[in-house]
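**Student:** So here's structure05.txt, just compact mmCIF, C-alpha atoms:
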# COMPACT_ATOMS: atom_id res chain seq x y z
CA MET A 1 0.77 -40.99 44.45
CA PRO A 2 1.46 -37.73 42.55
CA PRO A 3 -1.43 -35.39 41.66
CA ILE A 4 -3.69 -36.81 38.94
CA ILE A 5 -5.09 -33.41 37.96
CA GLN A 6 -2.18 -31.10 37.24
CA SER A 7 -4.01 -28.26 35.52
CA LEU A 8 -7.42 -26.63 35.96
CA LEU A 9 -7.72 -26.76 32.16
CA ASP A 10 -7.86 -30.58 32.42
CA THR A 11 -11.65 -30.51 32.20
CA ASP A 12 -14.38 -30.25 29.58
CA LEU A 13 -14.95 -27.00 27.69
CA TYR A 14 -18.61 -26.83 28.65
CA LYS A 15 -17.60 -26.31 32.28
CA PHE A 16 -16.14 -22.96 31.25
CA THR A 17 -18.97 -22.00 28.90
CA MET A 18 -21.59 -22.79 31.55
CA LEU A 19 -19.59 -21.19 34.37
CA GLN A 20 -19.34 -17.95 32.39
CA VAL A 21 -23.14 -17.74 32.13
CA VAL A 22 -23.62 -18.63 35.81
CA LEU A 23 -21.14 -15.96 36.84
CA HIS A 24 -22.80 -13.31 34.66
CA LYS A 25 -26.47 -14.20 35.12
CA PHE A 26 -27.01 -15.92 38.50
CA PRO A 27 -23.74 -15.85 40.48
CA GLN A 28 -25.40 -16.12 43.89
CA THR A 29 -26.92 -19.56 43.19
CA HIS A 30 -26.23 -22.27 45.78
CA SER A 31 -25.95 -25.87 44.54
CA LEU A 32 -25.67 -29.48 45.69
CA TYR A 33 -24.11 -32.28 43.64
CA HIS A 34 -24.19 -36.01 44.43
CA PHE A 35 -21.97 -38.83 43.17
CA ARG A 36 -23.35 -42.15 41.97
CA CYS A 37 -21.84 -45.29 40.43
CA ARG A 38 -24.49 -46.87 38.19
CA ASN A 39 -22.70 -50.23 37.80
CA LEU A 40 -21.39 -51.09 41.29
CA GLU A 41 -22.05 -54.77 40.62
CA ASP A 42 -19.39 -54.72 37.88
CA THR A 43 -16.53 -53.30 39.97
CA VAL A 44 -13.49 -55.51 40.60
CA TYR A 45 -13.16 -54.18 44.17
CA PRO A 46 -15.21 -51.75 46.32
CA LEU A 47 -14.81 -48.11 45.35
CA THR A 48 -14.52 -47.34 49.06
CA ASP A 49 -10.97 -48.77 48.89
CA ILE A 50 -9.82 -45.57 47.16
CA LEU A 51 -11.22 -43.28 49.89
CA ASP A 52 -7.92 -42.19 51.43
CA ASP A 53 -6.22 -41.68 48.08
CA LEU A 54 -9.25 -39.72 46.84
CA ASN A 55 -9.08 -37.36 49.81
CA GLN A 56 -5.38 -36.78 49.13
CA GLN A 57 -6.08 -36.07 45.45
CA LEU A 58 -8.80 -33.58 46.39
CA ASP A 59 -6.29 -31.81 48.64
CA TYR A 60 -3.96 -31.54 45.63
CA LEU A 61 -6.79 -30.37 43.36
CA CYS A 62 -7.74 -27.54 45.71
CA GLN A 63 -4.21 -26.14 45.59
CA LEU A 64 -4.31 -25.57 41.82
CA LYS A 65 -4.63 -22.16 40.19
CA PHE A 66 -4.73 -21.17 36.53
CA LYS A 67 -1.33 -20.44 35.02
CA GLU A 68 -0.65 -17.39 32.88
CA ASP A 69 -0.40 -19.32 29.59
CA GLU A 70 -3.67 -21.11 30.41
CA LEU A 71 -5.46 -17.79 30.96
CA LEU A 72 -4.03 -16.47 27.70
CA TYR A 73 -5.34 -19.54 25.91
CA LEU A 74 -8.84 -19.01 27.33
CA ARG A 75 -8.71 -15.35 26.29
CA SER A 76 -7.97 -16.50 22.73
CA LEU A 77 -11.35 -18.28 22.50
CA ARG A 78 -13.82 -15.92 20.82
CA PHE A 79 -16.75 -16.69 23.13
CA ILE A 80 -14.82 -16.32 26.41
CA LYS A 81 -15.15 -12.80 27.84
CA SER A 82 -12.27 -10.91 29.41
CA ASP A 83 -13.97 -10.29 32.76
CA PHE A 84 -14.57 -14.04 33.07
CA VAL A 85 -10.87 -14.75 32.58
CA ASP A 86 -10.15 -12.08 35.20
CA TYR A 87 -12.37 -14.09 37.57
CA LEU A 88 -10.54 -17.30 36.69
CA GLU A 89 -7.22 -15.63 37.47
CA LEU A 90 -8.40 -15.50 41.10
CA PHE A 91 -10.12 -18.91 40.99
CA GLN A 92 -9.25 -21.77 43.33
CA LEU A 93 -11.45 -24.70 44.34
CA LYS A 94 -12.29 -24.70 48.05
CA ARG A 95 -11.77 -27.99 49.88
CA ARG A 96 -14.60 -27.31 52.34
CA PHE A 97 -17.20 -27.61 49.57
CA ILE A 98 -16.55 -31.33 48.90
CA GLN A 99 -17.06 -34.20 51.35
CA VAL A 100 -16.12 -37.84 50.75
CA SER A 101 -17.32 -40.67 52.98
CA ILE A 102 -18.90 -44.14 53.06
CA ASP A 103 -22.70 -44.18 53.12
CA GLU A 104 -25.02 -46.47 55.12
CA GLN A 105 -24.98 -49.07 52.34
CA GLY A 106 -21.18 -49.16 52.39
CA ARG A 107 -20.81 -47.25 49.10
CA LEU A 108 -18.43 -44.44 48.20
CA ASP A 109 -20.36 -41.24 48.86
CA ILE A 110 -19.36 -37.83 47.48
CA TRP A 111 -21.26 -34.57 48.02
CA VAL A 112 -20.33 -31.17 46.66
CA GLU A 113 -22.21 -28.25 48.20
CA GLY A 114 -21.54 -24.55 47.80
CA PRO A 115 -21.90 -21.60 45.43
CA MET A 116 -22.56 -22.93 41.94
CA VAL A 117 -19.67 -20.83 40.60
CA GLN A 118 -17.43 -23.09 42.71
CA ALA A 119 -19.27 -26.38 43.01
CA MET A 120 -19.92 -27.00 39.32
CA MET A 121 -16.19 -27.07 38.56
CA PHE A 122 -15.55 -30.14 40.74
CA GLU A 123 -17.47 -32.62 38.57
CA ILE A 124 -15.10 -33.58 35.76
CA PHE A 125 -12.02 -33.46 38.00
CA VAL A 126 -13.61 -35.76 40.61
CA LEU A 127 -14.83 -38.30 38.05
CA ALA A 128 -11.44 -38.39 36.32
CA ILE A 129 -9.69 -38.84 39.68
CA VAL A 130 -12.02 -41.67 40.76
CA ASN A 131 -11.46 -43.44 37.44
CA GLU A 132 -7.69 -43.14 37.49
CA LEU A 133 -7.41 -44.24 41.14
CA TYR A 134 -9.67 -47.23 40.48
CA PHE A 135 -7.87 -48.43 37.34
CA THR A 136 -4.35 -47.78 38.65
CA ARG A 137 -4.91 -50.53 41.21
CA ILE A 138 -5.73 -53.11 38.52
CA ARG A 139 -3.29 -51.89 35.86
CA ARG A 140 -1.25 -54.53 34.07
CA ASP A 141 0.93 -54.40 30.96
CA GLU A 142 -1.50 -56.62 29.06
CA VAL A 143 -4.32 -54.13 29.73
CA LEU A 144 -2.40 -51.35 27.99
CA ALA A 145 -1.51 -53.71 25.14
CA GLU A 146 -5.17 -54.63 24.70
CA GLY A 147 -6.16 -50.96 24.79
CA GLU A 148 -3.62 -50.21 22.08
CA ARG A 149 -4.89 -53.08 19.92
CA ARG A 150 -8.46 -51.79 20.23
CA LEU A 151 -7.37 -48.22 19.52
CA GLN A 152 -5.58 -49.18 16.31
CA ALA A 153 -8.60 -51.23 15.22
CA LYS A 154 -10.82 -48.15 15.71
CA ILE A 155 -8.45 -46.00 13.69
CA ALA A 156 -8.36 -48.60 10.89
CA LEU A 157 -12.16 -48.73 10.86
CA THR A 158 -12.35 -44.94 10.71
CA GLN A 159 -9.90 -44.91 7.78
CA LYS A 160 -12.07 -47.48 6.03
CA TYR A 161 -15.14 -45.27 6.47
CA GLN A 162 -13.13 -42.30 5.25
CA SER A 163 -12.34 -44.17 2.03
CA GLU A 164 -16.06 -44.95 1.58
CA GLN A 165 -17.17 -41.37 2.19
CA ASN A 166 -18.81 -39.68 -0.82
CA PRO A 167 -17.06 -36.31 -1.37
CA GLU A 168 -20.46 -34.74 -1.99
CA ASP A 169 -21.77 -35.77 1.46
CA PRO A 170 -21.48 -33.71 4.65
CA PRO A 171 -18.24 -34.64 6.48
CA PHE A 172 -18.08 -37.44 9.02
CA LEU A 173 -16.95 -35.59 12.17
CA VAL A 174 -15.81 -37.27 15.40
CA SER A 175 -14.58 -35.67 18.63
CA ASP A 176 -13.40 -37.01 21.98
CA PHE A 177 -15.90 -36.49 24.83
CA GLY A 178 -14.23 -38.91 27.24
CA THR A 179 -12.53 -36.92 30.01
CA ARG A 180 -14.92 -37.96 32.80
CA ARG A 181 -14.69 -41.69 32.07
CA ARG A 182 -11.08 -41.96 30.92
CA TYR A 183 -8.67 -44.72 31.89
CA SER A 184 -6.08 -42.07 32.66
CA TYR A 185 -4.99 -38.64 31.49
CA ALA A 186 -1.98 -40.13 29.67
CA TRP A 187 -4.20 -42.61 27.84
CA GLN A 188 -6.74 -39.99 26.81
CA LYS A 189 -3.99 -37.79 25.37
CA HIS A 190 -2.48 -40.79 23.54
CA VAL A 191 -5.83 -41.70 21.98
CA ILE A 192 -6.41 -38.12 20.78
CA GLU A 193 -2.88 -37.83 19.36
CA GLU A 194 -3.23 -41.12 17.46
CA PHE A 195 -6.64 -40.29 16.02
CA HIS A 196 -5.72 -36.74 15.10
CA ALA A 197 -2.55 -37.89 13.32
CA ALA A 198 -4.30 -40.71 11.44
CA VAL A 199 -7.60 -39.07 10.41
CA PRO A 200 -7.36 -35.28 10.88
CA ASN A 201 -10.25 -34.60 8.50
CA ILE A 202 -12.58 -36.76 10.61
CA PHE A 203 -11.21 -36.33 14.11
CA ARG A 204 -11.84 -32.64 14.70
CA GLY A 205 -11.49 -31.99 18.42
CA THR A 206 -11.77 -32.88 22.08
CA SER A 207 -13.88 -31.66 24.97
CA ASN A 208 -10.69 -31.57 27.08
CA VAL A 209 -9.39 -27.99 27.10
CA LEU A 210 -5.86 -28.82 28.28
CA ILE A 211 -5.28 -31.43 25.58
CA ALA A 212 -6.82 -29.16 22.93
CA LYS A 213 -4.37 -26.44 23.98
CA GLN A 214 -1.37 -28.79 24.00
CA LEU A 215 -2.12 -30.35 20.61
CA GLY A 216 -3.45 -27.24 18.87
CA ILE A 217 -6.85 -28.77 18.09
CA THR A 218 -10.36 -27.48 18.61
CA PRO A 219 -11.95 -27.60 22.09
CA ILE A 220 -15.57 -28.76 21.76
CA GLY A 221 -18.58 -28.15 24.01
CA THR A 222 -21.56 -25.97 24.84
CA MET A 223 -23.93 -26.91 27.68
CA ALA A 224 -24.69 -29.86 29.98
CA HIS A 225 -27.83 -30.90 31.85
CA GLU A 226 -26.89 -28.99 35.00
CA PHE A 227 -27.23 -25.67 33.20
CA LEU A 228 -30.84 -26.28 32.19
CA GLN A 229 -31.67 -28.06 35.46
CA ALA A 230 -30.57 -25.01 37.48
CA PHE A 231 -33.43 -23.03 35.92
CA GLN A 232 -35.92 -25.42 37.58
CA ALA A 233 -35.00 -23.66 40.83
CA LEU A 234 -34.41 -20.12 39.59
CA ASP A 235 -36.96 -17.34 39.47
CA VAL A 236 -39.04 -18.65 36.56
CA ARG A 237 -42.17 -20.78 36.32
CA LEU A 238 -41.18 -24.47 36.30
CA ARG A 239 -43.03 -24.97 33.02
CA ASP A 240 -40.82 -22.28 31.46
CA PHE A 241 -37.41 -23.43 32.73
CA GLN A 242 -36.14 -24.71 29.35
CA LYS A 243 -37.14 -21.54 27.52
CA ALA A 244 -35.53 -19.41 30.24
CA ALA A 245 -32.30 -21.40 30.04
CA LEU A 246 -32.12 -21.20 26.24
CA GLU A 247 -32.91 -17.48 26.27
CA THR A 248 -30.19 -16.84 28.86
CA TRP A 249 -27.71 -18.78 26.73
CA VAL A 250 -28.62 -16.77 23.64
CA GLN A 251 -28.21 -13.48 25.51
CA GLU A 252 -24.76 -14.51 26.75
CA TYR A 253 -23.32 -15.95 23.52
CA ARG A 254 -25.32 -14.14 20.82
CA GLY A 255 -24.85 -16.80 18.14
CA ASP A 256 -21.79 -18.65 19.40
CA LEU A 257 -21.99 -22.15 20.94
CA GLY A 258 -25.34 -22.86 19.33
CA ILE A 259 -25.92 -26.55 20.04
CA ALA A 260 -28.85 -27.07 22.45
CA LEU A 261 -29.17 -30.10 24.75
CA THR A 262 -32.58 -31.73 24.39
CA ASP A 263 -33.12 -34.40 27.05
CA VAL A 264 -33.50 -32.73 30.45
CA VAL A 265 -37.21 -33.57 30.39
CA GLY A 266 -37.18 -35.61 27.18
CA MET A 267 -37.18 -34.73 23.49
CA ASP A 268 -40.96 -34.30 23.11
CA ALA A 269 -41.15 -31.76 25.95
CA PHE A 270 -38.06 -30.02 24.60
CA LEU A 271 -39.52 -29.59 21.13
CA ARG A 272 -42.69 -28.07 22.58
CA ASP A 273 -40.46 -25.28 23.91
CA PHE A 274 -38.08 -25.12 20.95
CA ASP A 275 -40.18 -22.76 18.85
CA LEU A 276 -39.34 -20.91 15.63
CA TYR A 277 -37.35 -18.29 17.53
CA PHE A 278 -35.01 -20.81 19.16
CA ALA A 279 -34.92 -23.09 16.12
CA LYS A 280 -33.57 -20.21 14.03
CA LEU A 281 -31.15 -18.95 16.68
CA PHE A 282 -29.54 -22.28 17.59
CA ASP A 283 -27.25 -24.09 15.12
CA GLY A 284 -28.54 -27.51 16.12
CA LEU A 285 -29.26 -30.07 18.81
CA ARG A 286 -27.36 -32.60 20.95
CA HIS A 287 -28.62 -36.13 21.59
CA ASP A 288 -27.67 -37.75 24.91
CA SER A 289 -30.34 -40.38 25.65
CA GLY A 290 -33.05 -42.50 24.03
CA ASP A 291 -33.16 -43.99 20.54
CA PRO A 292 -30.92 -41.74 18.37
CA TYR A 293 -32.73 -42.56 15.12
CA GLU A 294 -36.14 -41.80 16.58
CA TRP A 295 -34.74 -38.61 18.14
CA GLY A 296 -33.23 -37.40 14.86
CA ASP A 297 -36.42 -38.15 12.95
CA LYS A 298 -38.34 -36.04 15.49
CA ALA A 299 -35.84 -33.21 15.04
CA TYR A 300 -36.27 -33.42 11.26
CA ALA A 301 -40.07 -33.34 11.50
CA HIS A 302 -39.87 -30.36 13.86
CA TYR A 303 -37.62 -28.30 11.56
CA LYS A 304 -39.80 -29.25 8.58
CA LYS A 305 -42.93 -28.09 10.43
CA LEU A 306 -41.20 -24.78 11.13
CA LYS A 307 -40.19 -24.53 7.44
CA ILE A 308 -36.48 -24.51 8.31
CA ASP A 309 -34.05 -26.28 5.98
CA SER A 310 -32.66 -29.07 8.17
CA LYS A 311 -29.49 -29.22 6.05
CA THR A 312 -28.47 -25.92 7.65
CA LYS A 313 -28.64 -27.52 11.12
CA MET A 314 -26.25 -29.77 13.05
CA LEU A 315 -27.19 -32.88 15.00
CA THR A 316 -24.53 -33.85 17.56
CA PHE A 317 -24.77 -37.36 18.99
CA SER A 318 -23.03 -38.16 22.28
CA ASP A 319 -24.75 -41.12 23.95
CA GLY A 320 -22.84 -44.39 24.31
CA LEU A 321 -21.30 -44.23 20.85
CA ASN A 322 -18.54 -46.14 19.15
CA ILE A 323 -17.09 -45.51 15.68
CA GLU A 324 -19.44 -47.99 13.97
CA LYS A 325 -22.60 -46.58 15.60
CA ALA A 326 -21.47 -43.06 14.68
CA TRP A 327 -20.90 -44.01 11.04
CA ASN A 328 -24.29 -45.72 10.79
CA LEU A 329 -26.01 -42.62 12.22
CA HIS A 330 -24.04 -40.45 9.80
CA GLN A 331 -25.22 -42.55 6.88
CA TYR A 332 -28.83 -42.35 8.05
CA PHE A 333 -28.95 -38.58 8.60
CA LYS A 334 -26.37 -37.18 6.15
CA ASP A 335 -28.94 -36.29 3.48
CA ARG A 336 -31.02 -34.27 5.94
CA PHE A 337 -28.56 -32.75 8.43
CA GLN A 338 -24.98 -31.90 9.15
CA VAL A 339 -23.94 -34.45 11.78
CA SER A 340 -21.16 -34.77 14.34
CA PHE A 341 -20.31 -37.26 17.05
CA GLY A 342 -18.85 -37.02 20.53
CA ILE A 343 -17.48 -40.38 21.65
CA GLY A 344 -16.57 -40.83 25.31
CA THR A 345 -15.90 -44.09 27.12
CA ASN A 346 -15.38 -46.12 23.95
CA LEU A 347 -12.46 -43.90 22.99
CA THR A 348 -10.80 -43.17 26.33
CA ASN A 349 -11.51 -46.31 28.36
CA ASP A 350 -11.84 -49.32 26.05
CA MET A 351 -9.16 -51.49 27.59
CA GLY A 352 -10.88 -54.85 27.98
CA GLN A 353 -11.85 -54.00 31.56
CA THR A 354 -15.38 -52.95 32.51
CA PRO A 355 -15.48 -49.13 32.68
CA LEU A 356 -17.03 -47.41 35.67
CA ASN A 357 -20.39 -45.78 34.94
CA ILE A 358 -20.06 -42.87 37.36
CA VAL A 359 -21.76 -39.47 37.55
CA LEU A 360 -21.68 -36.41 39.79
CA LYS A 361 -25.01 -34.73 39.19
CA LEU A 362 -26.72 -31.54 40.29
CA VAL A 363 -29.58 -32.55 42.62
CA GLU A 364 -30.44 -29.24 44.35
CA CYS A 365 -30.28 -25.55 43.54
CA ASN A 366 -31.02 -22.82 46.08
CA GLY A 367 -32.40 -25.48 48.44
CA GLN A 368 -34.87 -26.83 45.85
CA SER A 369 -34.70 -30.21 44.16
CA VAL A 370 -33.89 -30.36 40.46
CA ALA A 371 -34.07 -33.39 38.19
CA LYS A 372 -33.34 -34.78 34.77
CA ILE A 373 -36.02 -36.99 33.20
CA SER A 374 -33.93 -38.69 30.58
CA ASP A 375 -35.13 -40.43 27.42
CA SER A 376 -33.19 -43.43 28.79
CA PRO A 377 -34.79 -44.60 32.09
CA GLY A 378 -31.49 -45.46 33.81
CA LYS A 379 -30.20 -41.93 33.33
CA THR A 380 -32.96 -40.18 35.31
CA MET A 381 -31.45 -38.77 38.48
CA THR A 382 -32.83 -36.91 41.48
CA ASP A 383 -32.85 -37.35 45.26
CA ASN A 384 -36.52 -36.32 45.50
CA ASP A 385 -39.18 -38.61 44.00
CA THR A 386 -41.96 -36.16 44.93
CA PHE A 387 -40.38 -33.41 42.84
CA LEU A 388 -39.78 -35.90 40.03
CA ALA A 389 -43.49 -36.77 39.98
CA TYR A 390 -44.39 -33.07 39.96
CA LEU A 391 -41.98 -32.39 37.08
CA ARG A 392 -43.57 -35.23 35.11
CA GLN A 393 -46.99 -33.77 35.75
CA VAL A 394 -45.98 -30.24 34.68
CA PHE A 395 -44.58 -31.52 31.38
CA ASN A 396 -47.26 -34.19 30.81
CA LEU A 397 -44.72 -36.99 30.93
CA SER A 398 -45.81 -40.54 31.59
CA GLU A 399 -44.13 -42.78 34.17
CA PRO A 400 -41.56 -45.18 32.61
CA ALA A 401 -42.86 -48.67 31.90
Can the structure in the file be given as structure tokens, please?

**Tutor:**
Amino acid sequence: MPPIIQSLLDTDLYKFTMLQVVLHKFPQTHSLYHFRCRNLEDTVYPLTDILDDLNQQLDYLCQLKFKEDELLYLRSLRFIKSDFVDYLELFQLKRRFIQVSIDEQGRLDIWVEGPMVQAMMFEIFVLAIVNELYFTRIRRDEVLAEGERRLQAKIALTQKYQSEQNPEDPPFLVSDFGTRRRYSYAWQKHVIEEFHAAVPNIFRGTSNVLIAKQLGITPIGTMAHEFLQAFQALDVRLRDFQKAALETWVQEYRGDLGIALTDVVGMDAFLRDFDLYFAKLFDGLRHDSGDPYEWGDKAYAHYKKLKIDSKTKMLTFSDGLNIEKAWNLHQYFKDRFQVSFGIGTNLTNDMGQTPLNIVLKLVECNGQSVAKISDSPGKTMTDNDTFLAYLRQVFNLSEPA
């Protein structure tokens, strides 16, 4: 099988924005990432069947380097610094940092361990490879036909919402966030092309840097959980890790990329740290777990308490969305906020087959456990329950029911 990943730009923008900060602020950090499939019971065949092909694809991946036109494109992005692109010019993923095997329970097991400036770049590539290998084996013409039918129905629904949009309201903005869960690279690009051609005023961008470059549309992204989680193991008090992460981000980007992720230890704990200083500096917040309406209402109450006009702030929703859910959230919040939506699996892998729910998450930094305590119980991930209990205690978080 030919290489699935054919460019190191075929990843999400926030990998570059986070990597730049890591390189500048804590380049010596060591990290450990672990793969997990959250819906093994729904797979058509065992993921272990792709083991040999996966190893071959990782060999291909670790031969890639950035091309000159790709480096020029990155240099054209205002928030990317020239010394970072100089680093990327030398960049190549090292095969020794990733191990693939079968664990004691007979499951596909993937570990990435090495310097964070290397290890963090594996995630999106590995998840995209696993997805494409898995679905290639069960690909049929009728699957693609069903995917196309569903895609055109989504576009028609979006056009309907566009016709209902009040010109006085904030725009309804949708972007593709689906690289990690996509059916294939070709399908993701097709979906983006179709949406961008049909509803360019609504469909504003993609998290995928390569496709953004190829189609001349906006690459979208700021930070992911791993960035904030890393600060749980850096040289700050655990209670202060969120504030340290946000402060480091501000120092690096000085006003650019101002959407903060809120659910590393839950929205309530986040807002306790998101004081007037951060609330003024950041353009808005990203929702990735828990009830989105409840979350947005909490954000509104917080800005109101701080006497900040919420209409000047952006809420970005990115948790398990489809077009209809996004529109309903837009209608609910449009009078109080600017709103935007990042849709993943429902755009890039809605083919009538059950998508894989796979993750490759940071579980250790500098030999210490790190964890995410999500607002959705199934999304909490760590390999150390003792540390998880301690983190809950530090942030006064109750155990899930």

**Student:** Excluding same-chain residues fewer than 3 positions from A:Phe97, what lies within 12 Å of it counting all atoms listed in the file, as a list in words?

**Tutor:**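 Listing them by chain and then by number gives His30, Ser31, Leu32, Tyr33, Leu58, Asp59, Cys62, Gln92, Leu93, Lys94, Val100, Ile110, Trp111, Val112, Glu113, Gly114, Pro115, Met116, Val117, Gln118, Ala119, Met120, Met121 and Phe122 of chain A.
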
**Student:** I need the residue nearest A:Ala153 from this list: A:Phe195, A:Ser7, A:Ser82, A:Thr206. Use all atoms listed in the file for the distance.

**Tutor:**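 Closest candidate: A:Phe195.
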
**Student:** For A:Gln188, which of A:Asp86, A:Asn349, A:Val359, A:Lys25 is the closest residue, counting all atoms listed in the file?

**Tutor:**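 So, comparing all the options, the nearest one is A:Asn349.
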
**Student:** Considering only C-alpha atoms, give me a table of residues in stretch 205-271 of chain A that are at most 10 Å from stretch 387-395 of chain A, with the closest atom pair and distance in Å for each, as CSV.

**Tutor:**
residue,atom,partner,partner_atom,distance
A:Gln232,CA,A:Leu391,CA,9.2
A:Leu238,CA,A:Val394,CA,7.7
A:Arg239,CA,A:Val394,CA,6.3
A:Asp240,CA,A:Phe395,CA,10.0
A:Val265,CA,A:Phe395,CA,7.7
A:Gly266,CA,A:Phe395,CA,9.4
A:Asp268,CA,A:Phe395,CA,9.4
A:Ala269,CA,A:Phe395,CA,6.4
A:Phe270,CA,A:Phe395,CA,9.5

**Student:** Please list as a PDB file with C-alpha atoms, keeping the file's coordinate frame every residue within 8 Å of A:Val191, counting all atoms listed in the file and excluding residues in the same chain fewer than 2 positions away.

**Tutor:**
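That gives us result35.pdb:
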ATOM      1  CA  LEU A 151      -7.370 -48.220  19.520  1.00  0.00           C
ATOM      2  CA  TRP A 187      -4.200 -42.610  27.840  1.00  0.00           C
ATOM      3  CA  GLN A 188      -6.740 -39.990  26.810  1.00  0.00           C
ATOM      4  CA  LYS A 189      -3.990 -37.790  25.370  1.00  0.00           C
ATOM      5  CA  GLU A 193      -2.880 -37.830  19.360  1.00  0.00           C
ATOM      6  CA  GLU A 194      -3.230 -41.120  17.460  1.00  0.00           C
ATOM      7  CA  PHE A 195      -6.640 -40.290  16.020  1.00  0.00           C
ATOM      8  CA  LEU A 347     -12.460 -43.900  22.990  1.00  0.00           C
ATOM      9  CA  THR A 348     -10.800 -43.170  26.330  1.00  0.00           C
TER      10      THR A 348
END

**Student:** Nearest residue to A:Leu88 out of A:Asn366, A:Ser340, A:Thr345, A:Gln20, using all atoms listed in the file?

**Tutor:**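 Going through A:Asn366, A:Ser340, A:Thr345, A:Gln20 one by one, the smallest distance to A:Leu88 is for A:Gln20.
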
**Student:** Which one is closest to A:Leu360: A:Thr382, A:Ser101, A:Thr248, A:Ser374? Count all atoms listed in the file.

**Tutor:**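 Answer, going by the shortest atom-to-atom distance: A:Thr382.
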
**Student:** Name the closest residue to A:Pro171 among the candidates A:Phe203, A:Phe66, A:Tyr303, A:Phe227; distances are taken between atoms, counting only C-alpha atoms.

**Tutor:**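 Answer, going by the shortest atom-to-atom distance: A:Phe203.
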
**Student:** Which residue out of A:Tyr73, A:Phe135, A:Tyr14, A:Phe278 has the minimum interatomic distance to A:His225 when only C-alpha atoms are used?

**Tutor:**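 That would be A:Tyr14, the residue with the smallest distance to A:His225.
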
**Student:** So that I can check the surroundings of A:Asn346, please list as a PyMOL selection string every protein, DNA and RNA residue that reaches within 10 Å of it, counting only C-alpha atoms and ignoring chain neighbours fewer than 2 positions away.

**Tutor:** chain A and resi 150-151+154+176-178+181-182+320-323+343-344+348-351+355

**Student:** Any idea what's packed within 7 Å of A:Asp12, counting all atoms listed in the file, ignoring anything in its chain fewer than 5 positions away? Could you give it as a CSV table (one decimal) with C-alpha atoms, in the coordinates of the input?

**Tutor:**
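As a result, part-v2.csv now contains:
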chain,number,residue,atom,x,y,z
A,179,THR,CA,-12.5,-36.9,30.0
A,207,SER,CA,-13.9,-31.7,25.0
A,208,ASN,CA,-10.7,-31.6,27.1
A,209,VAL,CA,-9.4,-28.0,27.1

**Student:** Give me, as a ChimeraX atom specification, all polymer residues having an atom no more than 12 Å from A:Ala326, counting all atoms listed in the file and skipping those fewer than 4 positions away in the same chain.

**Tutor:** /A:154,157-158,161,172-175,202,292-293,315-322,330-334,339-344,346

**Student:** Separation of atom CA of A:Lys311 and atom CA of A:Pro167, in Å?

**Tutor:** 16.1 Å

**Student:** Distance atom CA of A:Gly106-atom CA of A:Gln353, one decimal place?

**Tutor:**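 Separation of atom CA of A:Gly106 and atom CA of A:Gln353: 23.3 Å.
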
**Student:** In the coordinate frame of the file, compute which residues have an atom within 8 Å of (-12.5, -46.7, 42.4) when using all atoms listed in the file, and state them as a list in words.

**Tutor:**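 Protein and nucleic acid residues near the point are Tyr45, Pro46, Leu47, Thr48, Asp49, Ile50, Val130, Asn131, Glu132, Leu133, Tyr134 and Phe135 of chain A.
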
**Student:** Output as CSV one row per residue of stretch 3-44 of chain A within 12 Å of stretch 253-259 of chain A: the closest atom pair and its distance in Å to one decimal place, counting all atoms listed in the file, sorted by chain and residue number ascending.

**Tutor:**
residue,atom,partner,partner_atom,distance
A:Leu13,CA,A:Leu257,CA,10.9
A:Tyr14,CA,A:Leu257,CA,9.6
A:Phe16,CA,A:Leu257,CA,11.9
A:Thr17,CA,A:Leu257,CA,8.5
A:Met18,CA,A:Leu257,CA,10.6
A:Gln20,CA,A:Tyr253,CA,9.9
A:Val21,CA,A:Tyr253,CA,8.8
A:His24,CA,A:Tyr253,CA,11.5
